[in-house]
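Some notes on the structure that comes next.
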Amino acid sequence: MKLLIIGSGGREHAIAKKLLESPKVSTVFCARGNAGMKKDGISLVDIPENNHQALISFAQEKDIDWTFVGPEIPLLDGIVDAFQAAGLKIFGPTKAAAIIEGSKEFAKKLMKDNAIPTADYAVFTDYQAACAYVEEKGVPIVIKADGLAAGKGVTVALTLADAVQALTEMMTDHRFGKSGEKVVIEEFLSGEEFSLLAFVKNEKVYPMVIAQDHKRAYDNDQGPNTGGMGAYSPVPQIPAEMIDRAVEKILKPAATGMVKNGTPFNGVLYAGLIATEDGPKVIEFNARFGDPETQVVLPRLTSDLAQIIEDLLTDHEPELTWNDQASVGVVLAANGYPDDYQTGMDVPDFADQAEIYYAGVTEKNGTLQSSGGRVLLVGAQAATIESAQKKVYQILENIDTTDYFYRQDIGEKAQ
Ligand code: AMP
Ligand code: GLY
């Protein structure tokens, strides 16, 4: 089979690498991908992810068996609808279903209608009314831009002043453009976070092993929110019963609710959850694989990813099997990220056996240079989280990180 992946980050690198392990797959193209992916035999296609027509023509010319969409923006732009209209096979939710990620208000209503546990909330488009609500409810309280904001549109406000500042930035200063004209204000949930992803085909849900992301830039969850600084899987402090409950009370009713809505979900559904005293509660839904969760979850998959997607596309039952290894991934980011950072820096060279998923890199004169804030992720698997951590940090300690930083505590919460 010849496959096409849409996207260019570490998540897409991990998906492409896993697909290439399948004996059924001869070629994986990635549009646009990144230069680091070439080390793993992934073929790059120089078409931007918003040029649906050029991507469709490419898939037709190359006889692509099916296409897989990594990021949310092309999904919300309707790339799945466009490919399907051209008679091409593609795995991912339609524009109407991807709205589960694209509008927090939609997601909240879906949860309310289907009795899915989540934080209490209210939606505002009026700044004064939003401020009054925050004053009435008190802190801590969580303020979220309704639309997409690259993972940065959420403020957990510990003081009233922080809450009002977040509302001012979103609603009056338009920091997130249109995404912040409407805000969702929700109850603060306390408990351990985890990410539960599943392949979803209409009402059917096929859960993956869980992972835990680290959104803050610095150790001990300090500093600004980022796209994700590292992850690990499994998350031993989350009991199996909590995961089962999340599948039954959250993922299955979400899939059924989407079908009832007339917007059936086909693709990867990501639930960001908090394990509260009253069981798992949703903090967000995404319409795709998570980054960096994918880089630690997919290495644990022992069944054939290409076969799983083929089965989902052709109405067969997919087989998902996982190893019981622990998987840890740590992101190497440019100094200054997520605020201003430099690009064009040399990317460290790793030993051949290191498991590297590239993200913000480009090629110049035959060598890799940084082109983004999150540059790459170093991953490792081992019998325990502690030993997988050791492997990752040993690799990172052996490279020159003058221009870069990484969190030293990925996996610590599991100890
Ligand atoms: P999100 O972009 O929705 O994943 O939110 C970013 C981060 O904000 C999450 O990873 C949580 O740490 C935190 N967060 C979001 N919603 C809540 C909530 N209702 N209660 C507590 N923390 C939250
Ligand atoms: N790891 C969080 C996300 O992919 O949205």
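Quick note on naming: the chains in the structure tokens go A, B, ... in the order shown, residues restart at 1 in each chain, and ligands are numbered from 1 in order of appearance.
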* Got a sec: who's within 9 Å of Thr256 of chain A, counting only C-alpha atoms, leaving out chain neighbours fewer than 2 positions off, as a PyMOL selection string? -> chain A and resi 114+202-204+251-254+258-261+264-265
* What residues in segment 88-324 of chain A get the DSSP label strand (DSSP E or B)? Please answer as a ChimeraX atom specification. -> /A:90-91,118,121-124,141-145,154-157,183-187,192-201,204-207,211-213,216-218,222-225,230-233,266-276,279-286,301,322
* Asked: Within 6 Å of ligand 1, counting only C-alpha atoms and all ligand atoms: which residues, as a PyMOL selection string?
  -> chain A and resi 119+142+151+154+186-190+215+283-284
Test item: residues no farther than 7 Å from ligand 2, counting only C-alpha atoms and all ligand atoms, as a CSV table (one decimal) with N, CA, C and O atoms, in the first residue's frame:
```csv
chain,number,residue,atom,x,y,z
A,151,GLY,N,-3.6,25.2,21.8
A,151,GLY,CA,-3.4,24.8,23.2
A,151,GLY,C,-3.1,25.9,24.2
A,151,GLY,O,-2.8,25.6,25.3
A,213,ASP,N,0.4,13.9,29.4
A,213,ASP,CA,1.1,14.9,28.8
A,213,ASP,C,1.6,15.9,29.9
A,213,ASP,O,1.2,15.8,31.0
A,227,GLY,N,2.6,23.5,23.7
A,227,GLY,CA,1.9,22.4,23.0
A,227,GLY,C,2.2,21.1,23.6
A,227,GLY,O,1.5,20.1,23.2
A,228,GLY,N,3.0,21.0,24.6
A,228,GLY,CA,3.3,19.7,25.3
A,228,GLY,C,4.8,19.4,25.3
A,228,GLY,O,5.5,19.5,24.3
A,286,ASN,N,-10.5,16.3,21.6
A,286,ASN,CA,-9.8,16.6,20.3
A,286,ASN,C,-10.2,15.6,19.3
A,286,ASN,O,-10.6,14.5,19.6
A,289,PHE,N,-5.2,12.5,16.9
A,289,PHE,CA,-4.1,12.0,17.8
A,289,PHE,C,-3.5,13.2,18.6
A,289,PHE,O,-3.5,14.3,18.1
A,290,GLY,N,-3.1,13.0,19.8
A,290,GLY,CA,-2.4,14.0,20.6
A,290,GLY,C,-0.9,14.1,20.3
A,290,GLY,O,-0.3,13.1,19.9
A,291,ASP,N,-0.4,15.3,20.5
A,291,ASP,CA,1.0,15.4,20.4
A,291,ASP,C,1.5,16.1,21.7
A,291,ASP,O,1.0,17.1,22.0
A,292,PRO,N,2.4,15.4,22.5
A,292,PRO,CA,3.2,14.3,22.2
A,292,PRO,C,2.7,12.9,22.6
A,292,PRO,O,3.5,12.0,22.6
A,293,GLU,N,1.5,12.8,23.0
A,293,GLU,CA,1.0,11.4,23.4
A,293,GLU,C,1.3,10.3,22.4
A,293,GLU,O,1.7,9.2,22.8
```
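Across the model, the gap from atom CA of Ile185 of chain A to atom CA of Gly70 of chain A is 28.5 Å.
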For segment 359-376 of chain A, please output as a PDB file with all heavy atoms, in the first residue's frame all residues within 7 Å (counting only C-alpha atoms; exclusion window: fewer than 3 positions along the same chain).
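part37.pdb, freshly written:
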```pdb
ATOM      1  N   SER A   8       3.031  17.717   9.844  1.00  0.00           N
ATOM      2  CA  SER A   8       4.484  17.889   9.733  1.00  0.00           C
ATOM      3  C   SER A   8       5.236  17.756  11.049  1.00  0.00           C
ATOM      4  O   SER A   8       6.431  18.032  11.105  1.00  0.00           O
ATOM      5  CB  SER A   8       4.774  19.265   9.122  1.00  0.00           C
ATOM      6  OG  SER A   8       4.245  20.251   9.974  1.00  0.00           O
ATOM      7  N   GLY A   9       4.558  17.332  12.106  1.00  0.00           N
ATOM      8  CA  GLY A   9       5.222  17.335  13.413  1.00  0.00           C
ATOM      9  C   GLY A   9       5.646  15.967  13.902  1.00  0.00           C
ATOM     10  O   GLY A   9       5.673  14.984  13.153  1.00  0.00           O
ATOM     11  N   GLY A  10       5.984  15.920  15.200  1.00  0.00           N
ATOM     12  CA  GLY A  10       6.422  14.674  15.816  1.00  0.00           C
ATOM     13  C   GLY A  10       5.331  13.613  15.812  1.00  0.00           C
ATOM     14  O   GLY A  10       5.597  12.419  15.667  1.00  0.00           O
ATOM     15  N   ASN A  34       8.613  16.826   7.696  1.00  0.00           N
ATOM     16  CA  ASN A  34       9.806  17.635   7.988  1.00  0.00           C
ATOM     17  C   ASN A  34      11.040  16.817   7.633  1.00  0.00           C
ATOM     18  O   ASN A  34      10.962  15.586   7.534  1.00  0.00           O
ATOM     19  CB  ASN A  34       9.812  18.101   9.455  1.00  0.00           C
ATOM     20  CG  ASN A  34       9.986  16.953  10.425  1.00  0.00           C
ATOM     21  OD1 ASN A  34      11.024  16.272  10.422  1.00  0.00           O
ATOM     22  ND2 ASN A  34       8.993  16.698  11.258  1.00  0.00           N
ATOM     23  N   ALA A  35      12.162  17.527   7.454  1.00  0.00           N
ATOM     24  CA  ALA A  35      13.365  16.888   6.919  1.00  0.00           C
ATOM     25  C   ALA A  35      13.866  15.740   7.798  1.00  0.00           C
ATOM     26  O   ALA A  35      14.447  14.778   7.291  1.00  0.00           O
ATOM     27  CB  ALA A  35      14.466  17.936   6.746  1.00  0.00           C
ATOM     28  N   GLY A  36      13.595  15.804   9.114  1.00  0.00           N
ATOM     29  CA  GLY A  36      14.064  14.744  10.001  1.00  0.00           C
ATOM     30  C   GLY A  36      13.406  13.405   9.705  1.00  0.00           C
ATOM     31  O   GLY A  36      13.982  12.337   9.960  1.00  0.00           O
ATOM     32  N   VAL A 331      10.499  16.258  25.142  1.00  0.00           N
ATOM     33  CA  VAL A 331      10.643  17.215  24.042  1.00  0.00           C
ATOM     34  C   VAL A 331      11.865  18.093  24.259  1.00  0.00           C
ATOM     35  O   VAL A 331      12.098  18.586  25.364  1.00  0.00           O
ATOM     36  CB  VAL A 331       9.374  18.100  23.940  1.00  0.00           C
ATOM     37  CG1 VAL A 331       9.587  19.288  23.005  1.00  0.00           C
ATOM     38  CG2 VAL A 331       8.180  17.271  23.480  1.00  0.00           C
ATOM     39  N   LEU A 332      12.619  18.275  23.186  1.00  0.00           N
ATOM     40  CA  LEU A 332      13.732  19.228  23.183  1.00  0.00           C
ATOM     41  C   LEU A 332      13.222  20.494  22.503  1.00  0.00           C
ATOM     42  O   LEU A 332      12.798  20.453  21.339  1.00  0.00           O
ATOM     43  CB  LEU A 332      14.911  18.636  22.411  1.00  0.00           C
ATOM     44  CG  LEU A 332      16.195  19.454  22.430  1.00  0.00           C
ATOM     45  CD1 LEU A 332      16.839  19.417  23.818  1.00  0.00           C
ATOM     46  CD2 LEU A 332      17.181  18.920  21.393  1.00  0.00           C
ATOM     47  N   ALA A 333      13.224  21.608  23.262  1.00  0.00           N
ATOM     48  CA  ALA A 333      12.652  22.855  22.734  1.00  0.00           C
ATOM     49  C   ALA A 333      13.723  23.932  22.671  1.00  0.00           C
ATOM     50  O   ALA A 333      14.711  23.899  23.412  1.00  0.00           O
ATOM     51  CB  ALA A 333      11.507  23.318  23.631  1.00  0.00           C
ATOM     52  N   ALA A 334      13.502  24.901  21.785  1.00  0.00           N
ATOM     53  CA  ALA A 334      14.433  26.025  21.655  1.00  0.00           C
ATOM     54  C   ALA A 334      14.306  26.922  22.882  1.00  0.00           C
ATOM     55  O   ALA A 334      13.191  27.156  23.362  1.00  0.00           O
ATOM     56  CB  ALA A 334      14.083  26.817  20.398  1.00  0.00           C
ATOM     57  N   TYR A 337      11.076  29.174  24.113  1.00  0.00           N
ATOM     58  CA  TYR A 337       9.763  28.630  23.783  1.00  0.00           C
ATOM     59  C   TYR A 337       8.929  28.531  25.057  1.00  0.00           C
ATOM     60  O   TYR A 337       9.485  28.205  26.090  1.00  0.00           O
ATOM     61  CB  TYR A 337       9.936  27.231  23.147  1.00  0.00           C
ATOM     62  CG  TYR A 337       8.638  26.488  22.912  1.00  0.00           C
ATOM     63  CD1 TYR A 337       7.832  26.801  21.819  1.00  0.00           C
ATOM     64  CD2 TYR A 337       8.203  25.500  23.807  1.00  0.00           C
ATOM     65  CE1 TYR A 337       6.634  26.137  21.628  1.00  0.00           C
ATOM     66  CE2 TYR A 337       7.003  24.845  23.611  1.00  0.00           C
ATOM     67  CZ  TYR A 337       6.223  25.165  22.524  1.00  0.00           C
ATOM     68  OH  TYR A 337       5.030  24.519  22.343  1.00  0.00           O
ATOM     69  N   PRO A 338       7.626  28.834  25.107  1.00  0.00           N
ATOM     70  CA  PRO A 338       6.721  29.113  23.983  1.00  0.00           C
ATOM     71  C   PRO A 338       6.652  30.590  23.582  1.00  0.00           C
ATOM     72  O   PRO A 338       5.847  30.921  22.723  1.00  0.00           O
ATOM     73  CB  PRO A 338       5.362  28.657  24.539  1.00  0.00           C
ATOM     74  CG  PRO A 338       5.459  28.962  25.991  1.00  0.00           C
ATOM     75  CD  PRO A 338       6.891  28.724  26.378  1.00  0.00           C
ATOM     76  N   TYR A 341      11.643  32.701  20.432  1.00  0.00           N
ATOM     77  CA  TYR A 341      12.792  31.784  20.409  1.00  0.00           C
ATOM     78  C   TYR A 341      13.477  31.915  19.054  1.00  0.00           C
ATOM     79  O   TYR A 341      12.904  32.423  18.093  1.00  0.00           O
ATOM     80  CB  TYR A 341      12.352  30.336  20.660  1.00  0.00           C
ATOM     81  CG  TYR A 341      11.296  29.864  19.681  1.00  0.00           C
ATOM     82  CD1 TYR A 341      11.640  29.405  18.411  1.00  0.00           C
ATOM     83  CD2 TYR A 341       9.946  29.913  20.013  1.00  0.00           C
ATOM     84  CE1 TYR A 341      10.680  29.003  17.507  1.00  0.00           C
ATOM     85  CE2 TYR A 341       8.975  29.512  19.111  1.00  0.00           C
ATOM     86  CZ  TYR A 341       9.352  29.062  17.867  1.00  0.00           C
ATOM     87  OH  TYR A 341       8.396  28.680  16.974  1.00  0.00           O
ATOM     88  N   THR A 343      15.408  30.444  15.634  1.00  0.00           N
ATOM     89  CA  THR A 343      15.390  29.281  14.737  1.00  0.00           C
ATOM     90  C   THR A 343      16.719  29.267  13.975  1.00  0.00           C
ATOM     91  O   THR A 343      17.546  30.158  14.152  1.00  0.00           O
ATOM     92  CB  THR A 343      14.226  29.350  13.731  1.00  0.00           C
ATOM     93  OG1 THR A 343      14.343  30.570  12.995  1.00  0.00           O
ATOM     94  CG2 THR A 343      12.870  29.296  14.425  1.00  0.00           C
ATOM     95  N   GLY A 344      16.902  28.242  13.150  1.00  0.00           N
ATOM     96  CA  GLY A 344      18.126  28.165  12.348  1.00  0.00           C
ATOM     97  C   GLY A 344      19.322  27.673  13.135  1.00  0.00           C
ATOM     98  O   GLY A 344      20.471  27.828  12.719  1.00  0.00           O
ATOM     99  N   MET A 345      19.079  27.050  14.296  1.00  0.00           N
ATOM    100  CA  MET A 345      20.200  26.518  15.098  1.00  0.00           C
ATOM    101  C   MET A 345      20.485  25.084  14.663  1.00  0.00           C
ATOM    102  O   MET A 345      19.586  24.378  14.200  1.00  0.00           O
ATOM    103  CB  MET A 345      19.816  26.523  16.582  1.00  0.00           C
ATOM    104  CG  MET A 345      19.466  27.917  17.068  1.00  0.00           C
ATOM    105  SD  MET A 345      18.969  27.972  18.778  1.00  0.00           S
ATOM    106  CE  MET A 345      17.577  26.900  18.866  1.00  0.00           C
ATOM    107  N   ASP A 346      21.723  24.652  14.831  1.00  0.00           N
ATOM    108  CA  ASP A 346      22.055  23.262  14.499  1.00  0.00           C
ATOM    109  C   ASP A 346      21.240  22.317  15.379  1.00  0.00           C
ATOM    110  O   ASP A 346      21.090  22.555  16.573  1.00  0.00           O
ATOM    111  CB  ASP A 346      23.546  22.997  14.738  1.00  0.00           C
ATOM    112  CG  ASP A 346      24.393  23.645  13.655  1.00  0.00           C
ATOM    113  OD1 ASP A 346      23.835  23.938  12.565  1.00  0.00           O
ATOM    114  OD2 ASP A 346      25.592  23.882  13.899  1.00  0.00           O
ATOM    115  N   VAL A 347      20.756  21.255  14.776  1.00  0.00           N
ATOM    116  CA  VAL A 347      20.018  20.245  15.543  1.00  0.00           C
ATOM    117  C   VAL A 347      21.016  19.169  15.945  1.00  0.00           C
ATOM    118  O   VAL A 347      21.792  18.706  15.107  1.00  0.00           O
ATOM    119  CB  VAL A 347      18.875  19.651  14.682  1.00  0.00           C
ATOM    120  CG1 VAL A 347      18.230  18.462  15.379  1.00  0.00           C
ATOM    121  CG2 VAL A 347      17.832  20.729  14.401  1.00  0.00           C
ATOM    122  N   ILE A 356      14.028   9.038  17.771  1.00  0.00           N
ATOM    123  CA  ILE A 356      13.798  10.483  17.691  1.00  0.00           C
ATOM    124  C   ILE A 356      12.603  10.754  16.787  1.00  0.00           C
ATOM    125  O   ILE A 356      12.516  10.208  15.685  1.00  0.00           O
ATOM    126  CB  ILE A 356      15.030  11.214  17.083  1.00  0.00           C
ATOM    127  CG1 ILE A 356      16.338  10.801  17.787  1.00  0.00           C
ATOM    128  CG2 ILE A 356      14.820  12.733  17.129  1.00  0.00           C
ATOM    129  CD1 ILE A 356      16.458  11.232  19.216  1.00  0.00           C
TER     130      ILE A 356
END
```
List as a CSV table (one decimal) with C-alpha atoms, in the first residue's frame the protein and nucleic acid residues near Ser26 of chain A, meaning an atom at most 8 Å away when only C-alpha atoms are counted, but skip any in the same chain fewer than 4 places from it.
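Writing done, so here's part-v2.csv:
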```
chain,number,residue,atom,x,y,z
A,1,MET,CA,0.0,0.0,0.0
A,2,LYS,CA,1.0,3.6,-0.6
A,20,LEU,CA,6.0,1.8,7.7
```
